[in-house]
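Working notes for the structure below.
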Amino acid sequence: MTIWERLSISRTADIKAIKRAYAKQLKVYHPEDDPRGYQALREAFDAALSFAKREASREEVVEYEELRDDDESQSDIEPQTLLVPRINLSQLNHEHIQPEDNEQLMPPPRIPLHANQSIWQHVFETEGSSSSETDYNTVPEFVEAIIALYEHFPSRISKDKWLELLNSSVMWNIDFKLQIRNQLMFILEDRKLFLPTEIWRLLESSLDLENTIQESIDFDDDHNPNSIWSYYLRQLKYPGLRYEFLLQTDGLDYDQFLQLRDQGYAALSQNDLKQAETYLKRAFALFADDPDLLRLLGECCMRTAQYEAALAYFDQLIRLLPEEIDGHLYKARIWYYMGQTSQTAEQCQYILSKWPKNSDAVILLSHCRMSLGNPGEAEELLNKAVQLSDRNQSTLEEQPNLVKANRANRRNWKLLFNKNILLHMIIMLVTSALIIGCINYYWNISIQNTPFIVTSLNDLELINEQEYTALSVTNLQDININHYAGGVNSFDSGFYENSAYAFRHFDEYGNPTYRVYLGEFNGQHIIVFADPATDVLSIQSGTAIKGYVHAVSSRLESAVTHMLRWKPSNPEGTPEAKLELYNKSIAIGFDTDYESNSVPVPEINQKYIEISDPKTKSPVNKFNIATLGLIIAIWIRSLYYLVFEYRKIRGTL
Amino acid sequence: MLGVRLHQTAFYESMTSTLFKVAPVQLERLGSYQNISTCSKSTLTSWLLVRGVTDSISFNRKLKWLLYEGHRAEFAALAQILSTMSEAGRKQYINSLAEQDKQKNKLICVDQFMNILTPASIAAFDFAQLTALYKIGSRMRLTGRKEARSFSLEAAQIAQSKYNSWHEYYSACIAGSYFESPPADLSSLKPRYVQKLLEATRVHPPIQWDRKLK
């Protein structure tokens, strides 16, 4: 598709027609809807416009020559020398543009940046050329002026010079402005320019390069972040480095220095420290008194922990610019990193003497005071920092509220509003109650299991049947009586029988529940019940026997009396007497023979003692110990949290 | 053994104290490291949700990120850009940014803090979060107790190696908290920071900074 087809007009040198066609086609190829179409349209428009301009120039030249022939006076400057071939940007994208009718769209010649200054010497003879002499009406003139301005370093960094230039007549023509922009882009493509940030912004505000560059970056998939366009955008976005210090030196290759400095700056921004150090040191070798370079070198050294080297650079920076805070702040930080608290403090105090409102210095000084073990001074300094760094009045006004809030917090704490404290306190109270209860219970049981020692008949009379008792019984003898549960007669709840007889009739009687003995206690006979398995008779005389005391029933008394009174008819110790014993039953009726015997029966105490272990078990068992241990552990844990929480709250207040 | 555990717990409590004090209001219910054991699980779930943790996978991812990268990486990247500028240049650059610029608030924070922190910058904040996360994870069964204990100890030991005192640690932790959640009114950032640092200075941790924890 040709440029005329793209614009949907026939070939013409009418600029207005071309512009109208472009405006019409913009509705078809909208930048957001069809970016590629829009780009092609834009290029077609540029090419068509260039063509139209060229056609117009040819006509001007013809007219001029005609006028010159008429006018015999000649100007000093040959018009041909002013006619620099225009740069045809349409040659940049050959695929989109095809020449028509053998029209040769020649590649634009490169404008040498080291132009022969003698040509323009009559324009820039001194630095202070008046503006009336530097007004440009054509694009080539203007572009050459830019180049010349750039080549002269002092002028390059002069904002006034640039303002003067950008105020030229040619800049007031929109079409020329467009051409100038395109040519400047072309120059930028060719090489990197080094200008102060304010000059870049001046150019940008005049020529609006950013949008065009951004569009080309957005549509370029292989965009290189280190490209000239990225560089240009960086110049606008970030604060640049200073140039005025380079005026102090002679014979410096400015561009080389600026190139190295800029590369070092870019590498440092990306934290490529090795590259940054290389470039910056090379720049330093060319010119050592640039403050920005010194600052960058110092920063680079700091990042690689080369603190001594960094100090040297910042010392030099301070010598060059003693009134700038950067060098001083950096030194304070370096001393702080090196752990040199006294030197840090000294440096901070110096900063504060010159810049009393610098909160960073105050805070660093407070760090030093803390390190030196002066928390009081550190607090004072931090209070000062609060006042210094506060820019908003309302924050200061909030401080009384903070104090009130703190007091309120204290009151809340005093009211035990703290949930954690409440929780742990409740747990502690409950576990304390449980521990006390357990201990009390175990104590009672152990008391119950401790026998009450009976020493007199009176005590024996008064003793409780539930109380565990101990008493010393002497002369224990076996009276051959067993106690059996149940009875021959099913209505009996228990009965007594001669043990020998029951032994003989074991099938009928079974195992006895108790065996009955007779002993002496305080001069009186006392009945003793014992488990048949217990060897009571082996108990030494006088040893306390433990058990529970019960009242003697009439049945028991009868059985004991009966057995005591009964004597065998045969002599004792003979087999016949033993046989008589085996045949003697006291449960099945009473034998009346004994009543006629006048064998005296000793007085028997109305209480008998049943030998047994305490009815309540000992509290010392695995389960009880584990339970008590658990409760105690919970108690200790709650106490720990309680103390912790209390200390925390106290600390925050 | 019990003594070592008590010391570790006291250390973790002190490590995370500023984390909870500077936290946004709705998360202050967490209160303290010890509270993690007793507070409701819904509170812990909210805390995790705000930090992008919804299950064990995201939990482990968050832990790894905090350990190896964390907020300190972003802070360092922004500090690298700002530290190449002079003080005047930094102010000019930040003021030139549009209000809607997402980086602006972060850059302001970095500008305020980068000159008053140690070379470890805000690593303290990441390790405090890591320690709290391990305890929460253990409670919420996102990680085992032994693992949580072991990694908490590691985080504490790394923090001990990077800072020299509780004061340095708190300075960094508070800065990190504000870097993660800057206040709406950024002009009050420095006063708030200093106020919190002042409060932290008044609290005496129950354990020495350089105490051996193992």
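Just so we're on the same page: first chain in the structure tokens is A, next is B, and so on; residues restart at 1 for each chain, and ligands are numbered from 1 in the order they show up.
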Please identify all residues of chain B having at least one atom at most 8 Å from any atom of chain A, considering only C-alpha atoms, and return them as a PyMOL selection string. chain B and resi 80-81+83-87+89-90+92-93+115-116+118-119+165+167-168+187-188+190-192+194-195+197-199+201-204
Create the file for the chosen residues now, containing N, CA and C atoms and written as an mmCIF file, in the first residue's frame.
```cif
data_model
loop_
_atom_site.group_PDB
_atom_site.id
_atom_site.type_symbol
_atom_site.label_atom_id
_atom_site.label_comp_id
_atom_site.auth_asym_id
_atom_site.auth_seq_id
_atom_site.Cartn_x
_atom_site.Cartn_y
_atom_site.Cartn_z
ATOM 1 N N GLN B 80 18.059 1.214 46.900
ATOM 2 C CA GLN B 80 19.150 1.276 45.927
ATOM 3 C C GLN B 80 18.935 2.398 44.928
ATOM 4 N N ILE B 81 17.667 2.624 44.574
ATOM 5 C CA ILE B 81 17.364 3.712 43.634
ATOM 6 C C ILE B 81 17.541 5.054 44.339
ATOM 7 N N SER B 83 19.187 5.854 47.044
ATOM 8 C CA SER B 83 20.498 6.181 47.608
ATOM 9 C C SER B 83 21.476 6.671 46.542
ATOM 10 N N THR B 84 21.135 6.534 45.276
ATOM 11 C CA THR B 84 21.993 7.100 44.240
ATOM 12 C C THR B 84 21.724 8.596 44.064
ATOM 13 N N MET B 85 20.683 9.092 44.694
ATOM 14 C CA MET B 85 20.339 10.522 44.588
ATOM 15 C C MET B 85 20.793 11.254 45.833
ATOM 16 N N SER B 86 21.007 12.549 45.670
ATOM 17 C CA SER B 86 21.300 13.365 46.840
ATOM 18 C C SER B 86 20.013 13.553 47.630
ATOM 19 N N GLU B 87 20.147 14.146 48.807
ATOM 20 C CA GLU B 87 18.946 14.315 49.635
ATOM 21 C C GLU B 87 17.944 15.220 48.926
ATOM 22 N N GLY B 89 17.735 15.712 45.750
ATOM 23 C CA GLY B 89 17.247 14.973 44.593
ATOM 24 C C GLY B 89 16.145 13.999 44.951
ATOM 25 N N ARG B 90 16.319 13.348 46.114
ATOM 26 C CA ARG B 90 15.303 12.367 46.552
ATOM 27 C C ARG B 90 13.970 13.070 46.793
ATOM 28 N N GLN B 92 12.955 15.863 45.601
ATOM 29 C CA GLN B 92 12.409 16.355 44.320
ATOM 30 C C GLN B 92 11.754 15.216 43.562
ATOM 31 N N TYR B 93 12.434 14.075 43.535
ATOM 32 C CA TYR B 93 11.922 12.930 42.788
ATOM 33 C C TYR B 93 10.603 12.445 43.380
ATOM 34 N N ASN B 115 18.192 6.098 56.196
ATOM 35 C CA ASN B 115 19.392 6.670 56.798
ATOM 36 C C ASN B 115 19.531 6.386 58.280
ATOM 37 N N ILE B 116 18.518 5.790 58.901
ATOM 38 C CA ILE B 116 18.581 5.593 60.350
ATOM 39 C C ILE B 116 18.575 4.124 60.739
ATOM 40 N N THR B 118 20.328 0.093 60.340
ATOM 41 C CA THR B 118 21.611 -0.579 60.106
ATOM 42 C C THR B 118 21.589 -1.205 58.717
ATOM 43 N N PRO B 119 22.728 -1.738 58.248
ATOM 44 C CA PRO B 119 22.745 -2.386 56.932
ATOM 45 C C PRO B 119 21.742 -3.532 56.791
ATOM 46 N N SER B 165 21.504 -5.159 69.238
ATOM 47 C CA SER B 165 20.777 -4.869 70.487
ATOM 48 C C SER B 165 19.295 -4.863 70.195
ATOM 49 N N HIS B 167 17.374 -2.446 70.805
ATOM 50 C CA HIS B 167 17.024 -1.129 70.281
ATOM 51 C C HIS B 167 17.151 -1.106 68.755
ATOM 52 N N GLU B 168 18.258 -1.648 68.274
ATOM 53 C CA GLU B 168 18.442 -1.716 66.818
ATOM 54 C C GLU B 168 17.351 -2.579 66.192
ATOM 55 N N SER B 187 2.644 12.342 56.140
ATOM 56 C CA SER B 187 3.429 13.379 56.811
ATOM 57 C C SER B 187 3.602 13.046 58.295
ATOM 58 N N SER B 188 2.751 12.160 58.803
ATOM 59 C CA SER B 188 2.868 11.773 60.212
ATOM 60 C C SER B 188 3.679 10.493 60.387
ATOM 61 N N LYS B 190 7.023 9.837 60.229
ATOM 62 C CA LYS B 190 8.195 9.921 61.111
ATOM 63 C C LYS B 190 7.807 10.120 62.571
ATOM 64 N N PRO B 191 6.889 11.037 62.851
ATOM 65 C CA PRO B 191 6.502 11.186 64.261
ATOM 66 C C PRO B 191 5.946 9.907 64.856
ATOM 67 N N ARG B 192 5.129 9.189 64.082
ATOM 68 C CA ARG B 192 4.576 7.929 64.587
ATOM 69 C C ARG B 192 5.695 6.923 64.839
ATOM 70 N N VAL B 194 8.837 7.476 65.473
ATOM 71 C CA VAL B 194 9.644 7.842 66.643
ATOM 72 C C VAL B 194 8.861 7.587 67.930
ATOM 73 N N GLN B 195 7.557 7.844 67.885
ATOM 74 C CA GLN B 195 6.727 7.605 69.067
ATOM 75 C C GLN B 195 6.753 6.135 69.449
ATOM 76 N N LEU B 197 9.026 3.995 68.639
ATOM 77 C CA LEU B 197 10.384 3.652 69.068
ATOM 78 C C LEU B 197 10.590 4.074 70.517
ATOM 79 N N LEU B 198 10.040 5.218 70.849
ATOM 80 C CA LEU B 198 10.116 5.708 72.224
ATOM 81 C C LEU B 198 9.425 4.738 73.182
ATOM 82 N N GLU B 199 8.253 4.261 72.793
ATOM 83 C CA GLU B 199 7.533 3.302 73.636
ATOM 84 C C GLU B 199 8.326 2.019 73.781
ATOM 85 N N THR B 201 11.499 1.723 73.579
ATOM 86 C CA THR B 201 12.697 2.000 74.383
ATOM 87 C C THR B 201 12.391 1.884 75.871
ATOM 88 N N ARG B 202 11.159 2.232 76.247
ATOM 89 C CA ARG B 202 10.800 2.224 77.671
ATOM 90 C C ARG B 202 10.572 0.810 78.186
ATOM 91 N N VAL B 203 10.298 -0.135 77.308
ATOM 92 C CA VAL B 203 10.068 -1.515 77.745
ATOM 93 C C VAL B 203 11.401 -2.229 77.816
ATOM 94 N N HIS B 204 11.662 -2.839 78.925
ATOM 95 C CA HIS B 204 12.920 -3.580 79.068
ATOM 96 C C HIS B 204 12.632 -5.057 78.854
#
```
May I have the residues within 10 Å of Leu537 in chain A as an NGL selection string, using only C-alpha atoms and disregarding those fewer than 5 positions away in the same chain? :A and (475-478 or 517)
Write the residues of the selection above to a file with N, CA and C atoms, as a PDB file, in the first residue's frame.
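Dumped to result-v8.pdb:
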```pdb
ATOM      1  N   ASN A 475      -1.764 -62.609 126.492  1.00  0.00           N
ATOM      2  CA  ASN A 475      -2.267 -63.993 126.763  1.00  0.00           C
ATOM      3  C   ASN A 475      -3.362 -64.416 125.813  1.00  0.00           C
ATOM      4  N   LEU A 476      -3.087 -64.233 124.567  1.00  0.00           N
ATOM      5  CA  LEU A 476      -4.080 -64.665 123.576  1.00  0.00           C
ATOM      6  C   LEU A 476      -4.175 -66.195 123.568  1.00  0.00           C
ATOM      7  N   GLN A 477      -5.426 -66.692 123.575  1.00  0.00           N
ATOM      8  CA  GLN A 477      -5.595 -68.133 123.496  1.00  0.00           C
ATOM      9  C   GLN A 477      -6.722 -68.442 122.523  1.00  0.00           C
ATOM     10  N   ASP A 478      -6.547 -69.605 121.939  1.00  0.00           N
ATOM     11  CA  ASP A 478      -7.543 -70.064 120.972  1.00  0.00           C
ATOM     12  C   ASP A 478      -8.638 -70.823 121.735  1.00  0.00           C
ATOM     13  N   TYR A 517     -10.807 -65.660 119.407  1.00  0.00           N
ATOM     14  CA  TYR A 517      -9.772 -65.873 120.422  1.00  0.00           C
ATOM     15  C   TYR A 517     -10.161 -65.138 121.681  1.00  0.00           C
TER      16      TYR A 517
END
```
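The coordinates place CA of Phe127 in chain B at 18.8 Å from CA of Gly144 in chain B.
From CA of Ile421 in chain A back to CA of Cys438 in chain A, the distance works out to 25.4 Å.
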Shell around Tyr441 in chain A at 12 Å using only C-alpha atoms, local window under 3 positions removed, as a PyMOL selection string: chain A and resi 434-438+444-448+616+618-620+624+628
Restrict the selected residues to all heavy atoms and save them as an mmCIF file, in the first residue's frame.
```cif
data_model
loop_
_atom_site.group_PDB
_atom_site.id
_atom_site.type_symbol
_atom_site.label_atom_id
_atom_site.label_comp_id
_atom_site.auth_asym_id
_atom_site.auth_seq_id
_atom_site.Cartn_x
_atom_site.Cartn_y
_atom_site.Cartn_z
ATOM 1 N N LEU A 434 -8.994 -26.783 94.137
ATOM 2 C CA LEU A 434 -8.903 -28.241 93.942
ATOM 3 C C LEU A 434 -7.730 -28.825 94.711
ATOM 4 O O LEU A 434 -7.856 -29.889 95.346
ATOM 5 C CB LEU A 434 -8.736 -28.551 92.453
ATOM 6 C CG LEU A 434 -10.009 -28.467 91.613
ATOM 7 C CD1 LEU A 434 -9.686 -28.575 90.136
ATOM 8 C CD2 LEU A 434 -10.996 -29.560 92.012
ATOM 9 N N ILE A 435 -6.624 -28.115 94.670
ATOM 10 C CA ILE A 435 -5.437 -28.615 95.387
ATOM 11 C C ILE A 435 -5.722 -28.679 96.878
ATOM 12 O O ILE A 435 -5.419 -29.674 97.551
ATOM 13 C CB ILE A 435 -4.218 -27.713 95.096
ATOM 14 C CG1 ILE A 435 -3.769 -27.908 93.648
ATOM 15 C CG2 ILE A 435 -3.067 -28.024 96.030
ATOM 16 C CD1 ILE A 435 -2.773 -26.881 93.165
ATOM 17 N N ILE A 436 -6.331 -27.612 97.394
ATOM 18 C CA ILE A 436 -6.639 -27.576 98.831
ATOM 19 C C ILE A 436 -7.612 -28.702 99.180
ATOM 20 O O ILE A 436 -7.455 -29.410 100.193
ATOM 21 C CB ILE A 436 -7.208 -26.201 99.230
ATOM 22 C CG1 ILE A 436 -6.102 -25.148 99.117
ATOM 23 C CG2 ILE A 436 -7.784 -26.228 100.652
ATOM 24 C CD1 ILE A 436 -6.582 -23.732 99.192
ATOM 25 N N GLY A 437 -8.622 -28.879 98.325
ATOM 26 C CA GLY A 437 -9.607 -29.931 98.564
ATOM 27 C C GLY A 437 -8.964 -31.307 98.563
ATOM 28 O O GLY A 437 -9.243 -32.141 99.431
ATOM 29 N N CYS A 438 -8.085 -31.532 97.592
ATOM 30 C CA CYS A 438 -7.420 -32.840 97.518
ATOM 31 C C CYS A 438 -6.566 -33.094 98.745
ATOM 32 O O CYS A 438 -6.606 -34.178 99.341
ATOM 33 C CB CYS A 438 -6.518 -32.891 96.270
ATOM 34 S SG CYS A 438 -7.435 -33.130 94.761
ATOM 35 N N ASN A 444 -7.581 -36.233 105.650
ATOM 36 C CA ASN A 444 -8.637 -36.874 106.443
ATOM 37 C C ASN A 444 -8.547 -38.384 106.370
ATOM 38 O O ASN A 444 -8.715 -39.087 107.377
ATOM 39 C CB ASN A 444 -10.021 -36.419 105.962
ATOM 40 C CG ASN A 444 -10.328 -35.017 106.412
ATOM 41 O OD1 ASN A 444 -9.753 -34.526 107.383
ATOM 42 N ND2 ASN A 444 -11.230 -34.364 105.714
ATOM 43 N N ILE A 445 -8.291 -38.862 105.192
ATOM 44 C CA ILE A 445 -8.191 -40.318 105.038
ATOM 45 C C ILE A 445 -7.023 -40.849 105.845
ATOM 46 O O ILE A 445 -7.126 -41.869 106.534
ATOM 47 C CB ILE A 445 -8.026 -40.692 103.542
ATOM 48 C CG1 ILE A 445 -9.350 -40.470 102.810
ATOM 49 C CG2 ILE A 445 -7.592 -42.143 103.409
ATOM 50 C CD1 ILE A 445 -9.295 -40.773 101.352
ATOM 51 N N SER A 446 -5.929 -40.190 105.784
ATOM 52 C CA SER A 446 -4.759 -40.659 106.514
ATOM 53 C C SER A 446 -5.010 -40.598 108.008
ATOM 54 O O SER A 446 -4.542 -41.449 108.763
ATOM 55 C CB SER A 446 -3.530 -39.845 106.126
ATOM 56 O OG SER A 446 -3.696 -38.519 106.495
ATOM 57 N N ILE A 447 -5.779 -39.597 108.425
ATOM 58 C CA ILE A 447 -6.132 -39.538 109.858
ATOM 59 C C ILE A 447 -7.009 -40.722 110.225
ATOM 60 O O ILE A 447 -6.828 -41.377 111.270
ATOM 61 C CB ILE A 447 -6.830 -38.205 110.184
ATOM 62 C CG1 ILE A 447 -5.796 -37.074 110.196
ATOM 63 C CG2 ILE A 447 -7.534 -38.275 111.552
ATOM 64 C CD1 ILE A 447 -6.392 -35.714 110.358
ATOM 65 N N GLN A 448 -7.950 -40.995 109.373
ATOM 66 C CA GLN A 448 -8.855 -42.112 109.631
ATOM 67 C C GLN A 448 -8.100 -43.425 109.695
ATOM 68 O O GLN A 448 -8.475 -44.332 110.450
ATOM 69 C CB GLN A 448 -9.908 -42.209 108.529
ATOM 70 C CG GLN A 448 -11.045 -41.208 108.680
ATOM 71 C CD GLN A 448 -12.010 -41.279 107.522
ATOM 72 O OE1 GLN A 448 -12.011 -42.277 106.779
ATOM 73 N NE2 GLN A 448 -12.814 -40.268 107.347
ATOM 74 N N THR A 616 -10.988 -47.620 105.003
ATOM 75 C CA THR A 616 -10.694 -46.687 103.895
ATOM 76 C C THR A 616 -9.272 -46.933 103.396
ATOM 77 O O THR A 616 -8.340 -47.096 104.191
ATOM 78 C CB THR A 616 -10.805 -45.232 104.347
ATOM 79 O OG1 THR A 616 -10.044 -45.084 105.550
ATOM 80 C CG2 THR A 616 -12.240 -44.841 104.606
ATOM 81 N N SER A 618 -5.641 -46.371 101.470
ATOM 82 C CA SER A 618 -4.640 -45.299 101.521
ATOM 83 C C SER A 618 -4.785 -44.384 100.298
ATOM 84 O O SER A 618 -5.029 -44.856 99.190
ATOM 85 C CB SER A 618 -3.243 -45.923 101.518
ATOM 86 O OG SER A 618 -2.284 -44.908 101.328
ATOM 87 N N PRO A 619 -4.648 -43.073 100.498
ATOM 88 C CA PRO A 619 -4.781 -42.153 99.368
ATOM 89 C C PRO A 619 -3.599 -42.197 98.395
ATOM 90 O O PRO A 619 -3.658 -41.650 97.318
ATOM 91 C CB PRO A 619 -4.862 -40.773 100.040
ATOM 92 C CG PRO A 619 -4.123 -40.934 101.302
ATOM 93 C CD PRO A 619 -4.344 -42.337 101.748
ATOM 94 N N VAL A 620 -2.532 -42.781 98.826
ATOM 95 C CA VAL A 620 -1.331 -42.804 97.971
ATOM 96 C C VAL A 620 -1.485 -43.918 96.942
ATOM 97 O O VAL A 620 -1.219 -45.082 97.216
ATOM 98 C CB VAL A 620 -0.064 -43.024 98.818
ATOM 99 C CG1 VAL A 620 1.165 -43.024 97.918
ATOM 100 C CG2 VAL A 620 0.055 -41.955 99.892
ATOM 101 N N ASN A 624 -4.362 -40.989 92.151
ATOM 102 C CA ASN A 624 -4.427 -39.771 92.975
ATOM 103 C C ASN A 624 -3.202 -38.900 92.759
ATOM 104 O O ASN A 624 -3.298 -37.674 92.680
ATOM 105 C CB ASN A 624 -4.553 -40.130 94.456
ATOM 106 C CG ASN A 624 -5.944 -40.636 94.779
ATOM 107 O OD1 ASN A 624 -6.866 -40.512 93.969
ATOM 108 N ND2 ASN A 624 -6.106 -41.247 95.946
ATOM 109 N N LEU A 628 -3.367 -35.116 91.192
ATOM 110 C CA LEU A 628 -2.843 -33.977 91.948
ATOM 111 C C LEU A 628 -1.717 -33.288 91.183
ATOM 112 O O LEU A 628 -1.632 -32.062 91.135
ATOM 113 C CB LEU A 628 -2.332 -34.458 93.317
ATOM 114 C CG LEU A 628 -1.924 -33.348 94.287
ATOM 115 C CD1 LEU A 628 -3.117 -32.462 94.617
ATOM 116 C CD2 LEU A 628 -1.365 -33.947 95.572
#
```
Quick one: pick out all alpha helix (DSSP H) residues within range 47-122 of chain B from a backbone DSSP run and write them as a ChimeraX atom specification. /B:47-50,56-68,70-82,87-96,102-113
The residue from A:Gln25, A:Asn522, A:Ser554, A:Gln349 with the smallest atom-to-atom distance to Tyr38 in chain A, counting only C-alpha atoms, is A:Gln25
Which neighbours of Thr131 in chain B fall inside 10 Å, counting only C-alpha atoms, when residues of the same chain fewer than 5 positions from it are skipped, and could you give them as a PyMOL selection string? chain B and resi 12-13+15-16+33+63+125-126+136-137+148-149+151-156
Close residues, Tyr608 in chain A itself excluded, 6 Å, only C-alpha atoms, min 5 positions apart in chain, as a compact mmCIF listing (two decimals) with C-alpha atoms, in the first residue's frame:
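Result written to result-v2.txt:
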```txt
# COMPACT_ATOMS: atom_id res chain seq x y z
CA ILE A 526 -11.57 -59.59 125.79
CA ILE A 527 -12.75 -61.46 122.75
CA VAL A 528 -10.70 -61.10 119.61
CA VAL A 549 -14.18 -52.58 118.18
CA HIS A 550 -17.75 -53.95 118.27
CA VAL A 552 -20.44 -58.45 122.05
```
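Within the 8 Å cut-off around range 256-258 of chain A, using only C-alpha atoms and omitting residues fewer than 2 positions from it on the same chain, the listed residues are Phe194, Leu252, Asp253, Tyr254, Leu260, Arg261, Asp262, Ala283, Leu286 and Phe287 of chain A.
The neighbours of Gly542 in chain A here are the residues that come within 7 Å of it, using only C-alpha atoms and leaving out any residue fewer than 4 positions away in the same chain; they are Ser472, Val473 and Thr474 of chain A.
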